[in-house]
file protein_3.txt (compact mmCIF, C-alpha atoms and all ligand atoms)
# COMPACT_ATOMS: atom_id res chain seq x y z
CA MET A 914 92.36 82.95 69.05
CA GLY A 915 96.11 82.10 69.09
CA GLN A 916 98.20 80.36 71.70
CA PRO A 917 98.68 82.40 74.85
CA GLN A 918 102.16 83.92 74.96
CA SER A 919 103.92 83.02 78.17
CA ARG A 920 106.74 84.68 80.06
CA GLU A 921 109.04 83.80 82.93
CA GLY A 922 110.29 85.48 86.04
CA CYS A 923 107.63 88.12 86.47
CA GLU A 924 106.01 88.61 89.83
CA GLY A 925 102.63 90.30 89.82
CA GLY A 926 100.22 90.19 86.91
CA HIS A 927 99.65 86.92 85.10
CA ALA A 928 101.80 84.34 83.36
CA GLU A 929 100.04 84.87 80.06
CA LEU A 930 98.35 87.56 78.03
CA PRO A 931 94.60 88.17 78.08
CA PRO A 932 92.73 86.89 75.01
CA GLY A 933 93.37 88.81 71.80
CA GLN A 934 96.41 90.70 73.15
CA ARG A 935 99.98 90.62 71.80
CA LEU A 936 103.20 91.47 73.56
CA GLN A 937 104.53 94.96 72.87
CA ARG A 938 108.28 95.64 73.03
CA GLY A 939 109.29 98.97 74.52
CA TRP A 940 106.80 101.43 75.90
CA PRO A 941 104.68 103.34 73.39
CA VAL A 942 102.79 106.48 74.38
CA THR A 943 99.02 106.20 73.89
CA HIS A 944 96.45 108.86 74.69
CA TYR A 945 93.90 111.24 73.28
CA GLY A 946 94.73 114.95 73.09
CA PRO A 947 97.79 116.98 74.14
CA VAL A 948 100.21 116.34 77.01
CA PRO A 949 99.40 118.83 79.79
CA LYS A 950 102.09 121.07 81.23
CA PHE A 951 102.58 120.54 84.95
CA LYS A 952 102.29 123.70 87.05
CA PRO A 953 103.09 122.69 90.66
CA GLU A 954 101.59 125.80 92.25
CA ARG A 955 98.26 125.23 90.49
CA TRP A 956 98.13 121.47 90.89
CA ASP A 957 96.08 119.72 93.54
CA PHE A 958 94.63 116.25 94.02
CA ARG A 959 90.99 116.37 95.07
CA VAL A 960 88.54 113.89 96.49
CA PHE A 961 84.94 115.05 96.26
CA GLY A 962 81.38 113.84 95.71
CA ALA A 963 79.87 111.49 98.30
CA THR A 964 82.59 111.59 100.96
CA ALA A 965 81.81 110.16 104.42
CA ASP A 966 82.20 113.56 106.11
CA GLY A 967 80.49 115.49 103.29
CA GLU A 968 83.66 117.57 102.82
CA LYS A 969 86.02 117.93 99.87
CA HIS A 970 89.59 116.83 100.46
CA ALA A 971 92.60 118.27 98.64
CA TRP A 972 96.36 117.71 98.66
CA SER A 973 98.99 119.97 97.17
CA HIS A 974 101.68 118.29 95.09
CA GLU A 975 104.03 118.42 98.06
CA GLU A 976 101.43 116.87 100.37
CA PHE A 977 100.38 114.22 97.88
CA THR A 978 103.90 113.03 97.16
CA ALA A 979 104.59 112.84 100.93
CA LEU A 980 101.88 110.15 101.35
CA PRO A 981 103.09 106.56 101.92
CA TYR A 982 104.94 105.27 98.84
CA GLU A 983 104.40 101.69 97.76
CA THR A 984 105.26 99.65 94.69
CA VAL A 985 103.21 97.29 92.58
CA VAL A 986 104.22 95.09 89.65
CA ALA A 987 101.52 95.24 87.02
CA ASP A 988 100.81 94.61 83.36
CA LEU A 989 99.25 97.20 81.08
CA HIS A 990 96.75 96.02 78.47
CA CYS A 991 95.70 98.53 75.82
CA VAL A 992 92.32 97.83 74.24
CA ALA A 993 94.08 98.38 70.87
CA LYS A 994 95.46 94.86 71.53
CA PHE A 995 99.01 95.37 72.74
CA SER A 996 100.23 94.62 76.27
CA MET A 997 103.28 95.61 78.26
CA LEU A 998 104.17 93.16 81.00
CA GLY A 999 105.72 93.32 84.42
CA ALA A 1000 106.39 97.01 85.02
CA GLU A 1001 107.09 98.16 88.55
CA TRP A 1002 104.94 101.15 89.44
CA GLY A 1003 105.50 103.25 92.57
CA GLY A 1004 103.15 105.70 94.19
CA ILE A 1005 100.19 106.03 96.50
CA HIS A 1006 97.74 103.15 96.82
CA ALA A 1007 94.10 103.90 96.07
CA ARG A 1008 93.46 102.24 99.45
CA THR A 1009 95.49 104.97 101.15
CA ILE A 1010 93.26 107.62 99.59
CA LEU A 1011 90.15 105.65 100.62
CA LYS A 1012 91.45 105.57 104.18
CA LEU A 1013 92.37 109.28 104.35
CA ALA A 1014 89.20 110.47 102.60
CA PRO A 1015 86.63 107.72 103.13
CA PRO A 1016 83.59 107.40 100.89
CA ALA A 1017 80.05 107.52 102.28
CA PRO A 1018 78.56 104.04 102.91
CA ASP A 1019 76.34 104.22 99.81
CA VAL A 1020 79.18 104.88 97.34
CA THR A 1021 79.26 102.22 94.62
CA HIS A 1022 81.50 103.75 91.92
CA VAL A 1023 84.21 106.35 91.47
CA MET A 1024 85.03 108.70 88.61
CA VAL A 1025 88.74 109.34 88.25
CA TRP A 1026 89.30 112.79 86.75
CA ALA A 1027 92.35 113.92 84.80
CA GLU A 1028 93.53 117.12 83.10
CA TYR A 1029 91.39 118.45 80.22
CA GLY A 1030 88.28 116.71 81.58
CA PHE A 1031 89.40 113.17 80.74
CA SER A 1032 87.67 110.74 83.07
CA SER A 1033 87.12 107.07 83.70
CA ASN A 1034 84.56 105.35 85.89
CA LEU A 1035 85.33 102.34 88.06
CA ARG A 1036 83.33 100.16 90.39
CA LEU A 1037 84.38 100.86 93.97
CA ALA A 1038 85.44 97.20 94.19
CA ASP A 1039 87.83 97.67 91.24
CA PHE A 1040 89.19 100.94 92.64
CA SER A 1041 89.82 99.44 96.07
CA ALA A 1042 91.55 96.29 94.77
CA GLY A 1043 95.03 95.65 96.18
CA GLY A 1044 97.18 96.58 93.19
CA VAL A 1045 95.54 99.88 92.29
CA VAL A 1046 98.04 102.70 92.62
CA PHE A 1047 98.28 106.41 91.83
CA ALA A 1048 101.70 106.06 90.29
CA THR A 1049 104.34 108.75 90.39
CA HIS A 1050 107.17 106.43 89.34
CA ARG A 1051 107.85 103.56 86.99
CA ALA A 1052 110.90 101.30 87.46
CA GLY A 1053 112.05 103.61 90.25
CA GLU A 1054 112.10 106.71 88.05
CA LEU A 1055 109.71 109.64 88.00
CA LEU A 1056 107.12 109.33 85.27
CA THR A 1057 107.82 111.29 82.12
CA ALA A 1058 105.29 113.91 81.01
CA GLU A 1059 103.91 111.77 78.18
CA HIS A 1060 103.43 108.77 80.49
CA GLY A 1061 101.39 110.80 82.97
CA PHE A 1062 103.65 112.93 85.21
CA PRO A 1063 103.00 113.84 87.96
CA VAL A 1064 100.37 111.14 88.69
CA ARG A 1065 98.63 108.40 86.73
CA LEU A 1066 96.32 105.68 87.90
CA VAL A 1067 97.29 102.04 87.36
CA VAL A 1068 94.45 99.51 87.57
CA PRO A 1069 96.19 96.20 86.84
CA GLN A 1070 93.02 94.12 86.45
CA LEU A 1071 91.37 96.35 83.79
CA TYR A 1072 92.22 97.68 80.31
CA ALA A 1073 94.61 100.61 80.46
CA TRP A 1074 92.11 103.33 79.49
CA LYS A 1075 90.65 102.76 82.98
CA GLY A 1076 93.87 104.31 84.31
CA PRO A 1077 93.98 108.00 83.47
CA LYS A 1078 97.32 109.76 83.09
CA TRP A 1079 97.61 113.27 84.60
CA VAL A 1080 95.08 112.49 87.35
CA ARG A 1081 93.69 115.41 89.34
CA GLY A 1082 91.03 113.83 91.49
CA VAL A 1083 88.49 111.23 92.43
CA GLU A 1084 84.72 111.68 92.62
CA TYR A 1085 82.79 109.29 94.87
CA MET A 1086 79.47 108.33 93.28
CA THR A 1087 76.33 106.67 94.62
CA ALA A 1088 75.36 105.53 91.10
CA ASP A 1089 77.36 104.62 88.01
CA ARG A 1090 78.10 107.15 85.27
CA ARG A 1091 80.20 106.68 82.15
CA GLY A 1092 83.62 108.28 81.76
CA PHE A 1093 85.24 109.61 78.60
CA TRP A 1094 85.86 106.39 76.66
CA GLU A 1095 82.94 104.56 78.27
CA GLU A 1096 80.67 107.13 76.60
CA ARG A 1097 82.46 106.64 73.28
CA GLY A 1098 82.01 102.96 72.61
CA TYR A 1099 84.26 101.24 75.14
CA HIS A 1100 82.99 98.74 77.68
CA ASN A 1101 81.78 100.14 80.99
CA ILE A 1102 83.76 97.60 83.05
CA GLY A 1103 86.72 96.73 80.79
CA ASP A 1104 88.00 93.41 82.14
CA PRO A 1105 90.66 92.21 79.65
CA TRP A 1106 90.42 88.58 80.86
CA GLN A 1107 86.77 88.61 79.77
CA GLU A 1108 87.71 90.64 76.67
CA GLN A 1109 85.26 93.38 77.58
CA ARG A 1110 86.41 95.83 74.90
CA TYR A 1111 83.29 97.52 73.50
CA SER A 1112 80.04 98.79 74.93
CA TYR A 1113 77.98 96.64 72.50
CA GLN A 1114 79.30 93.61 74.42
CA GLU A 1115 77.77 94.81 77.68
CA GLU A 1116 75.29 92.58 79.43
CA PRO A 1117 72.36 94.02 81.38
CA GLY A 1118 73.75 95.40 84.62
CA ASP A 1119 77.26 96.06 83.24
CA GLY A 1120 76.62 99.77 82.90
CA PRO A 1121 74.19 102.68 82.66
CA GLU A 1122 72.10 103.10 79.50
CA LEU A 1123 73.97 104.65 76.58
N1 LIG B 1 94.41 111.36 80.54
C1 LIG B 1 94.46 110.26 79.76
N2 LIG B 1 94.91 109.10 80.28
C2 LIG B 1 94.97 107.98 79.53
C3 LIG B 1 94.54 107.99 78.18
C4 LIG B 1 94.06 109.22 77.65
O1 LIG B 1 93.66 109.32 76.47
N3 LIG B 1 94.05 110.33 78.47
N4 LIG B 1 94.63 106.83 77.43
C5 LIG B 1 94.70 105.55 78.14
C6 LIG B 1 95.10 104.47 77.28
S1 LIG B 1 93.99 104.03 76.08
C7 LIG B 1 96.27 103.76 77.45
S2 LIG B 1 96.62 102.37 76.54
C8 LIG B 1 97.28 104.19 78.45
C9 LIG B 1 98.64 104.31 77.81
O2 LIG B 1 99.64 104.63 78.74
P1 LIG B 1 101.10 104.91 78.21
O3 LIG B 1 101.03 106.04 77.20
O4 LIG B 1 101.92 105.28 79.41
O5 LIG B 1 101.59 103.65 77.56
O6 LIG B 1 96.94 105.45 79.05
C10 LIG B 1 95.58 105.59 79.39
N5 LIG B 1 95.43 106.83 80.10
MO MO B 2 94.72 102.04 75.27
call {"tool": "encode", "arguments": {"input": "protein_3.txt", "output": "structure tokens"}}
result
Amino acid sequence: MGQPQSREGCEGGHAELPPGQRLQRGWPVTHYGPVPKFKPERWDFRVFGATADGEKHAWSHEEFTALPYETVVADLHCVAKFSMLGAEWGGIHARTILKLAPPAPDVTHVMVWAEYGFSSNLRLADFSAGGVVFATHRAGELLTAEHGFPVRLVVPQLYAWKGPKWVRGVEYMTADRRGFWEERGYHNIGDPWQEQRYSYQEEPGDGPEL
């Protein structure tokens, strides 16, 4: 493993890169499948599954973007070993969603759902961490289509596949279930500081049977 690369003057995130990562200049576009076309009249953001009141919750695009706007400075670590540091993301905190549509007391995990059935599972503790944001903006500008417009999830403490672009909803779960990449060889938890890249590295208790 090489020397950690350091940087200066960045608030948020860490002063060095996670193990095995290198610094990426610019902002590449990385995803599986096509970029969905945004149709505002057909778009909604749903919270479903084990909600505290047993109801589904839904916001139109207008309603969702009227929720309290907050910013977070976060790094993005792709499991393909490049990292982008210190971006400012703006949007709606996951904690705001948890407050408006609370989970039932026995919820342990969430599945974040995106267009075309892409999904990623998170422990409730990771989802409710302070820096987790449903981002509509980066560096003060609306996201572009290829970077996830109208909404993408940013989970600063995990590898970037844990943050779906083109998010459409959150499912509250009372047991863990693997998302899209977690079923296809990536680690169920995905902590870059522990270099949890692949499912074969999982320890007992890190995830459901494959
Ligand atoms: N819906 C969706 N979101 C996704 C992905 C994907 O394949 N589909 N790929 C993830 C991966 S692996 C990375 S590294 C980041 C890349 O974000 P960027 O294209 O804005 O750099 O998006 C994540 N979000
Ligand atoms: Mo990635």
call {"tool": "residues_near_ligand", "arguments": {"input": "protein_3.txt", "ligand": "ligand MO 2 (chain B)", "cutoff": "10 Å", "atoms": "all atoms listed in the file", "output": "VMD selection string"}}
result
chain A and resid 942 to 945 989 to 996 1072 to 1076 1094
call {"tool": "closest_residue", "arguments": {"input": "protein_3.txt", "among": "A:Phe1047, A:Phe1040, A:Phe958, A:Phe951", "to": "A:Thr1021", "atoms": "only C-alpha atoms"}}
result
A:Phe1040
call {"tool": "closest_residue", "arguments": {"input": "protein_3.txt", "among": "A:Trp1002, A:Trp1079, A:Tyr1085, A:Trp1106", "to": "ligand LIG 1 (chain B)", "atoms": "only C-alpha atoms and all ligand atoms"}}
result
A:Trp1079
call {"tool": "residues_around", "arguments": {"input": "protein_3.txt", "residues": "A:Asp1089", "least_positions_apart": "6", "cutoff": "10 Å", "atoms": "all atoms listed in the file", "output": "list in words"}}
result
Val1020, Thr1021, His1022, Val1023, Met1024, Asn1034, Leu1035, Arg1036, Leu1037, Asn1101, Asp1119, Gly1120 and Pro1121 of chain A
call {"tool": "residues_around", "arguments": {"input": "protein_3.txt", "residues": "A:Pro947", "least_positions_apart": "5", "cutoff": "12 Å", "atoms": "only C-alpha atoms", "output": "number ranges by chain"}}
result
A: 942, 1028-1029, 1031, 1058-1061, 1078-1079
call {"tool": "axis_aligned_box", "arguments": {"input": "protein_3.txt", "around": "ligand LIG 1 (chain B)", "padding_each_side": "6 Å", "output": "JSON"}}
result
{"center_x": 97.8, "center_y": 106.9, "center_z": 78.3, "size_x": 20.3, "size_y": 21.0, "size_z": 16.5}
call {"tool": "closest_residue", "arguments": {"input": "protein_3.txt", "among": "A:Glu975, A:Glu1001, A:Glu1095, A:Glu929", "to": "A:Glu954", "atoms": "all atoms listed in the file"}}
result
A:Glu975
call {"tool": "closest_residue", "arguments": {"input": "protein_3.txt", "among": "A:Pro932, A:Pro1069, A:Gly1003, A:Pro1117", "to": "A:Ala1048", "atoms": "all atoms listed in the file"}}
result
A:Gly1003
call {"tool": "atom_distance", "arguments": {"input": "protein_3.txt", "atom1": "atom CA of A:Ala963", "atom2": "atom CA of A:Leu1013"}}
result
14.1 Å
call {"tool": "closest_residue", "arguments": {"input": "protein_3.txt", "among": "A:Ala965, A:Ala979, A:Ile1010, A:Ala987", "to": "A:Arg1051", "atoms": "only C-alpha atoms"}}
result
A:Ala987
call {"tool": "decode", "arguments": {"input": "protein_3.txt", "residues": "stretch 941-955 of chain A", "atoms": "all heavy atoms", "output": "PDB file, in the first residue's frame"}}
result
ATOM      1  N   PRO A 941     -15.557  12.223 -13.237  1.00  0.00           N
ATOM      2  CA  PRO A 941     -16.054  11.261 -14.215  1.00  0.00           C
ATOM      3  C   PRO A 941     -17.485  10.826 -13.897  1.00  0.00           C
ATOM      4  O   PRO A 941     -17.953  11.008 -12.780  1.00  0.00           O
ATOM      5  CB  PRO A 941     -15.090  10.081 -14.081  1.00  0.00           C
ATOM      6  CG  PRO A 941     -14.514  10.202 -12.717  1.00  0.00           C
ATOM      7  CD  PRO A 941     -14.507  11.663 -12.372  1.00  0.00           C
ATOM      8  N   VAL A 942     -18.152  10.282 -14.867  1.00  0.00           N
ATOM      9  CA  VAL A 942     -19.500   9.739 -14.695  1.00  0.00           C
ATOM     10  C   VAL A 942     -19.371   8.226 -14.642  1.00  0.00           C
ATOM     11  O   VAL A 942     -18.758   7.624 -15.519  1.00  0.00           O
ATOM     12  CB  VAL A 942     -20.403  10.158 -15.876  1.00  0.00           C
ATOM     13  CG1 VAL A 942     -21.728   9.415 -15.829  1.00  0.00           C
ATOM     14  CG2 VAL A 942     -20.615  11.665 -15.862  1.00  0.00           C
ATOM     15  N   THR A 943     -19.914   7.620 -13.570  1.00  0.00           N
ATOM     16  CA  THR A 943     -19.788   6.172 -13.376  1.00  0.00           C
ATOM     17  C   THR A 943     -21.130   5.585 -12.986  1.00  0.00           C
ATOM     18  O   THR A 943     -21.674   5.949 -11.947  1.00  0.00           O
ATOM     19  CB  THR A 943     -18.790   5.863 -12.232  1.00  0.00           C
ATOM     20  OG1 THR A 943     -17.595   6.608 -12.429  1.00  0.00           O
ATOM     21  CG2 THR A 943     -18.451   4.392 -12.175  1.00  0.00           C
ATOM     22  N   HIS A 944     -21.679   4.738 -13.814  1.00  0.00           N
ATOM     23  CA  HIS A 944     -22.881   4.003 -13.424  1.00  0.00           C
ATOM     24  C   HIS A 944     -23.133   2.875 -14.404  1.00  0.00           C
ATOM     25  O   HIS A 944     -22.513   2.795 -15.456  1.00  0.00           O
ATOM     26  CB  HIS A 944     -24.108   4.922 -13.343  1.00  0.00           C
ATOM     27  CG  HIS A 944     -24.418   5.612 -14.632  1.00  0.00           C
ATOM     28  ND1 HIS A 944     -24.019   6.890 -14.880  1.00  0.00           N
ATOM     29  CD2 HIS A 944     -25.074   5.186 -15.729  1.00  0.00           C
ATOM     30  CE1 HIS A 944     -24.412   7.253 -16.090  1.00  0.00           C
ATOM     31  NE2 HIS A 944     -25.053   6.219 -16.635  1.00  0.00           N
ATOM     32  N   TYR A 945     -24.078   2.044 -14.023  1.00  0.00           N
ATOM     33  CA  TYR A 945     -24.492   0.912 -14.834  1.00  0.00           C
ATOM     34  C   TYR A 945     -25.794   1.287 -15.534  1.00  0.00           C
ATOM     35  O   TYR A 945     -26.704   1.805 -14.894  1.00  0.00           O
ATOM     36  CB  TYR A 945     -24.708  -0.288 -13.901  1.00  0.00           C
ATOM     37  CG  TYR A 945     -25.263  -1.511 -14.577  1.00  0.00           C
ATOM     38  CD1 TYR A 945     -24.413  -2.375 -15.267  1.00  0.00           C
ATOM     39  CD2 TYR A 945     -26.620  -1.782 -14.543  1.00  0.00           C
ATOM     40  CE1 TYR A 945     -24.924  -3.492 -15.898  1.00  0.00           C
ATOM     41  CE2 TYR A 945     -27.133  -2.904 -15.173  1.00  0.00           C
ATOM     42  CZ  TYR A 945     -26.283  -3.749 -15.852  1.00  0.00           C
ATOM     43  OH  TYR A 945     -26.783  -4.842 -16.476  1.00  0.00           O
ATOM     44  N   GLY A 946     -25.888   1.050 -16.825  1.00  0.00           N
ATOM     45  CA  GLY A 946     -27.147   1.272 -17.546  1.00  0.00           C
ATOM     46  C   GLY A 946     -27.309   2.702 -18.039  1.00  0.00           C
ATOM     47  O   GLY A 946     -26.422   3.535 -17.885  1.00  0.00           O
ATOM     48  N   PRO A 947     -28.468   2.984 -18.652  1.00  0.00           N
ATOM     49  CA  PRO A 947     -28.709   4.298 -19.252  1.00  0.00           C
ATOM     50  C   PRO A 947     -29.062   5.376 -18.232  1.00  0.00           C
ATOM     51  O   PRO A 947     -29.427   5.085 -17.102  1.00  0.00           O
ATOM     52  CB  PRO A 947     -29.895   4.055 -20.191  1.00  0.00           C
ATOM     53  CG  PRO A 947     -30.609   2.884 -19.614  1.00  0.00           C
ATOM     54  CD  PRO A 947     -29.594   2.057 -18.878  1.00  0.00           C
ATOM     55  N   VAL A 948     -28.944   6.630 -18.660  1.00  0.00           N
ATOM     56  CA  VAL A 948     -29.352   7.780 -17.839  1.00  0.00           C
ATOM     57  C   VAL A 948     -30.859   7.981 -18.032  1.00  0.00           C
ATOM     58  O   VAL A 948     -31.310   8.185 -19.146  1.00  0.00           O
ATOM     59  CB  VAL A 948     -28.596   9.057 -18.277  1.00  0.00           C
ATOM     60  CG1 VAL A 948     -29.112  10.292 -17.538  1.00  0.00           C
ATOM     61  CG2 VAL A 948     -27.095   8.884 -18.043  1.00  0.00           C
ATOM     62  N   PRO A 949     -31.639   7.914 -16.939  1.00  0.00           N
ATOM     63  CA  PRO A 949     -33.090   8.066 -17.108  1.00  0.00           C
ATOM     64  C   PRO A 949     -33.482   9.497 -17.462  1.00  0.00           C
ATOM     65  O   PRO A 949     -32.801  10.442 -17.106  1.00  0.00           O
ATOM     66  CB  PRO A 949     -33.641   7.685 -15.730  1.00  0.00           C
ATOM     67  CG  PRO A 949     -32.515   7.806 -14.782  1.00  0.00           C
ATOM     68  CD  PRO A 949     -31.241   7.638 -15.554  1.00  0.00           C
ATOM     69  N   LYS A 950     -34.585   9.610 -18.180  1.00  0.00           N
ATOM     70  CA  LYS A 950     -35.127  10.923 -18.532  1.00  0.00           C
ATOM     71  C   LYS A 950     -36.088  11.335 -17.428  1.00  0.00           C
ATOM     72  O   LYS A 950     -36.946  10.547 -17.021  1.00  0.00           O
ATOM     73  CB  LYS A 950     -35.877  10.794 -19.867  1.00  0.00           C
ATOM     74  CG  LYS A 950     -36.200  12.127 -20.511  1.00  0.00           C
ATOM     75  CD  LYS A 950     -36.666  11.875 -21.943  1.00  0.00           C
ATOM     76  CE  LYS A 950     -37.294  13.053 -22.640  1.00  0.00           C
ATOM     77  NZ  LYS A 950     -37.357  14.330 -22.016  1.00  0.00           N
ATOM     78  N   PHE A 951     -35.921  12.549 -16.937  1.00  0.00           N
ATOM     79  CA  PHE A 951     -36.744  13.035 -15.824  1.00  0.00           C
ATOM     80  C   PHE A 951     -38.078  13.558 -16.346  1.00  0.00           C
ATOM     81  O   PHE A 951     -38.125  14.448 -17.181  1.00  0.00           O
ATOM     82  CB  PHE A 951     -35.991  14.149 -15.090  1.00  0.00           C
ATOM     83  CG  PHE A 951     -36.801  14.821 -14.016  1.00  0.00           C
ATOM     84  CD1 PHE A 951     -37.339  14.086 -12.959  1.00  0.00           C
ATOM     85  CD2 PHE A 951     -37.020  16.188 -14.051  1.00  0.00           C
ATOM     86  CE1 PHE A 951     -38.084  14.712 -11.957  1.00  0.00           C
ATOM     87  CE2 PHE A 951     -37.761  16.826 -13.057  1.00  0.00           C
ATOM     88  CZ  PHE A 951     -38.299  16.076 -12.015  1.00  0.00           C
ATOM     89  N   LYS A 952     -39.172  12.971 -15.830  1.00  0.00           N
ATOM     90  CA  LYS A 952     -40.513  13.438 -16.185  1.00  0.00           C
ATOM     91  C   LYS A 952     -41.183  13.926 -14.903  1.00  0.00           C
ATOM     92  O   LYS A 952     -41.679  13.135 -14.106  1.00  0.00           O
ATOM     93  CB  LYS A 952     -41.330  12.297 -16.797  1.00  0.00           C
ATOM     94  CG  LYS A 952     -40.700  11.697 -18.038  1.00  0.00           C
ATOM     95  CD  LYS A 952     -41.692  10.845 -18.807  1.00  0.00           C
ATOM     96  CE  LYS A 952     -41.036  10.175 -20.002  1.00  0.00           C
ATOM     97  NZ  LYS A 952     -40.350   8.904 -19.625  1.00  0.00           N
ATOM     98  N   PRO A 953     -41.174  15.264 -14.678  1.00  0.00           N
ATOM     99  CA  PRO A 953     -41.621  15.815 -13.385  1.00  0.00           C
ATOM    100  C   PRO A 953     -43.021  15.371 -12.999  1.00  0.00           C
ATOM    101  O   PRO A 953     -43.276  15.110 -11.808  1.00  0.00           O
ATOM    102  CB  PRO A 953     -41.559  17.338 -13.591  1.00  0.00           C
ATOM    103  CG  PRO A 953     -41.257  17.575 -15.022  1.00  0.00           C
ATOM    104  CD  PRO A 953     -40.733  16.305 -15.621  1.00  0.00           C
ATOM    105  N   GLU A 954     -43.917  15.249 -13.937  1.00  0.00           N
ATOM    106  CA  GLU A 954     -45.307  14.916 -13.590  1.00  0.00           C
ATOM    107  C   GLU A 954     -45.436  13.454 -13.169  1.00  0.00           C
ATOM    108  O   GLU A 954     -46.405  13.088 -12.509  1.00  0.00           O
ATOM    109  CB  GLU A 954     -46.268  15.290 -14.738  1.00  0.00           C
ATOM    110  CG  GLU A 954     -46.150  14.472 -16.010  1.00  0.00           C
ATOM    111  CD  GLU A 954     -44.885  14.766 -16.849  1.00  0.00           C
ATOM    112  OE1 GLU A 954     -44.141  15.717 -16.536  1.00  0.00           O
ATOM    113  OE2 GLU A 954     -44.652  14.005 -17.811  1.00  0.00           O
ATOM    114  N   ARG A 955     -44.461  12.624 -13.523  1.00  0.00           N
ATOM    115  CA  ARG A 955     -44.535  11.211 -13.147  1.00  0.00           C
ATOM    116  C   ARG A 955     -43.598  10.871 -11.999  1.00  0.00           C
ATOM    117  O   ARG A 955     -43.553   9.732 -11.528  1.00  0.00           O
ATOM    118  CB  ARG A 955     -44.210  10.341 -14.365  1.00  0.00           C
ATOM    119  CG  ARG A 955     -45.214  10.592 -15.486  1.00  0.00           C
ATOM    120  CD  ARG A 955     -45.194   9.536 -16.558  1.00  0.00           C
ATOM    121  NE  ARG A 955     -44.971   8.184 -16.064  1.00  0.00           N
ATOM    122  CZ  ARG A 955     -44.632   7.189 -16.878  1.00  0.00           C
ATOM    123  NH1 ARG A 955     -44.455   7.383 -18.163  1.00  0.00           N
ATOM    124  NH2 ARG A 955     -44.451   5.983 -16.380  1.00  0.00           N
TER     125      ARG A 955
END
